[in-house]
file run-v1.csv (CSV, C-alpha atoms)
chain,number,residue,atom,x,y,z
A,246,PRO,CA,0.0,0.0,0.0
A,247,CYS,CA,2.9,2.5,0.7
A,248,SER,CA,4.4,2.3,-2.7
A,249,VAL,CA,7.7,4.0,-3.6
A,250,PRO,CA,6.9,7.6,-4.5
A,251,SER,CA,7.8,9.1,-7.9
A,252,VAL,CA,8.5,12.7,-8.8
A,253,SER,CA,5.3,14.7,-8.3
A,254,PRO,CA,3.7,16.6,-11.1
A,255,GLN,CA,2.6,20.3,-10.7
A,256,VAL,CA,-0.8,20.8,-9.0
A,257,GLY,CA,-2.7,23.8,-10.2
A,258,SER,CA,-6.2,22.9,-8.9
A,259,TYR,CA,-7.8,20.2,-6.7
A,260,LYS,CA,-8.5,18.2,-9.9
A,261,ASP,CA,-4.7,17.7,-10.3
A,262,VAL,CA,-4.3,16.1,-6.8
A,263,SER,CA,-3.5,12.4,-7.4
A,264,HIS,CA,-1.7,9.5,-5.8
A,265,GLU,CA,1.5,10.7,-7.6
A,266,SER,CA,1.2,14.3,-6.4
A,267,LEU,CA,0.7,13.1,-2.8
A,268,SER,CA,3.7,10.7,-3.0
A,269,LEU,CA,6.2,13.4,-2.0
A,270,PHE,CA,4.6,13.6,1.4
A,271,ARG,CA,5.3,10.0,2.0
A,272,LEU,CA,9.0,10.7,1.5
A,273,LEU,CA,9.4,13.3,4.2
A,274,GLU,CA,11.7,12.6,7.2
A,275,PRO,CA,10.9,12.8,9.9
A,276,ARG,CA,7.6,11.2,8.9
A,277,ILE,CA,4.5,13.4,9.1
A,278,GLU,CA,1.4,12.3,10.9
A,279,ILE,CA,-1.0,14.9,9.3
A,280,LEU,CA,-1.2,16.4,5.8
A,281,VAL,CA,-3.3,19.5,5.6
A,282,LEU,CA,-4.5,20.1,2.0
A,283,GLY,CA,-5.8,23.5,1.0
A,284,THR,CA,-8.0,23.2,-2.1
A,285,GLY,CA,-8.4,26.9,-3.0
A,286,ASP,CA,-11.4,29.1,-2.4
A,287,ARG,CA,-13.6,26.3,-1.1
A,288,VAL,CA,-13.4,22.7,0.2
A,289,GLU,CA,-13.3,20.2,-2.6
A,290,ARG,CA,-13.8,16.5,-2.2
A,291,LEU,CA,-10.8,14.3,-3.1
A,292,HIS,CA,-11.2,10.7,-4.3
A,293,PRO,CA,-11.6,8.4,-1.3
A,294,ALA,CA,-9.0,6.0,-2.6
A,295,MET,CA,-6.3,8.7,-2.3
A,296,LEU,CA,-7.2,9.5,1.2
A,297,LYS,CA,-7.3,5.8,2.1
A,298,GLN,CA,-3.9,5.2,0.7
A,299,MET,CA,-2.4,8.0,2.8
A,300,ARG,CA,-4.1,6.6,5.9
A,301,GLU,CA,-2.6,3.2,5.2
A,302,CYS,CA,0.8,4.9,5.1
A,303,GLY,CA,0.0,6.4,8.6
A,304,ILE,CA,-0.8,9.9,7.4
A,305,ALA,CA,-4.1,11.5,8.2
A,306,VAL,CA,-5.3,14.0,5.6
A,307,GLU,CA,-7.3,17.1,6.5
A,308,VAL,CA,-8.9,18.8,3.4
A,309,GLN,CA,-10.0,22.4,3.8
A,310,ASP,CA,-10.2,25.6,1.8
A,311,THR,CA,-6.8,27.2,1.7
A,312,PRO,CA,-7.2,30.0,4.2
A,313,ASN,CA,-8.4,27.6,6.8
A,314,ALA,CA,-5.8,25.1,5.9
A,315,CYS,CA,-3.1,27.7,6.6
A,316,ALA,CA,-4.6,28.4,10.0
A,317,THR,CA,-4.9,24.7,10.8
A,318,PHE,CA,-1.2,24.1,9.7
A,319,ASN,CA,-0.1,27.0,11.9
A,320,PHE,CA,-2.1,25.7,14.9
A,321,LEU,CA,-0.7,22.1,14.5
A,322,THR,CA,2.9,23.3,14.2
A,323,SER,CA,2.4,25.4,17.3
A,324,GLU,CA,1.4,22.2,19.1
A,325,LYS,CA,4.7,20.6,17.8
A,326,ARG,CA,2.8,18.1,15.6
A,327,MET,CA,4.5,16.4,12.7
A,328,VAL,CA,2.5,18.2,9.9
A,329,ALA,CA,2.9,19.2,6.3
A,330,ALA,CA,0.7,21.3,4.0
A,331,GLY,CA,-0.1,21.2,0.4
A,332,LEU,CA,-1.7,24.5,-0.5
A,333,ILE,CA,-3.5,25.6,-3.8
A,334,PRO,CA,-3.8,29.4,-3.9
A,335,PRO,CA,-7.4,30.7,-3.6

call {"tool": "encode", "arguments": {"input": "run-v1.csv", "output": "structure tokens"}}
result
Amino acid sequence: PCSVPSVSPQVGSYKDVSHESLSLFRLLEPRIEILVLGTGDRVERLHPAMLKQMRECGIAVEVQDTPNACATFNFLTSEKRMVAAGLIPP
């Protein structure tokens, strides 16, 4: 389930988010526990299989609009959580 990641393509909108584009986050050391994804002006649904794959790799994914994703990322880092963010500009 936690395949070897490949180089991630550019992501310009939530429609570009894929298994490949999320693969970079599985490479990070130290390992992250939470990935906060900002999908632009509004919350967009991602394919459940992508979220499931990340959970199977031990990474929880929180999908929010980008302004709230930034706030969530800042809050989690202030709590010393192992977090990363993928942010699409609004």

call {"tool": "residues_around", "arguments": {"input": "run-v1.csv", "residues": "Val308 of chain A", "least_positions_apart": "2", "cutoff": "9 Å", "atoms": "all atoms listed in the file", "output": "PyMOL selection string"}}
result
chain A and resi 280-284+288-291+306+310-311+314

call {"tool": "atom_distance", "arguments": {"input": "run-v1.csv", "atom1": "atom CA of Gly257 of chain A", "atom2": "atom CA of Leu296 of chain A"}}
result
18.8 Å

call {"tool": "closest_residue", "arguments": {"input": "run-v1.csv", "among": "A:Asp261, A:Asp286, A:Arg276, A:Arg271", "to": "Pro312 of chain A", "atoms": "all atoms listed in the file"}}
result
A:Asp286

call {"tool": "closest_residue", "arguments": {"input": "run-v1.csv", "among": "A:Ile279, A:Ile333, A:Ile304, A:Ala294", "to": "Leu321 of chain A", "atoms": "only C-alpha atoms"}}
result
A:Ile279

call {"tool": "atom_distance", "arguments": {"input": "run-v1.csv", "atom1": "atom CA of Ser268 of chain A", "atom2": "atom CA of Gln309 of chain A"}}
result
19.3 Å
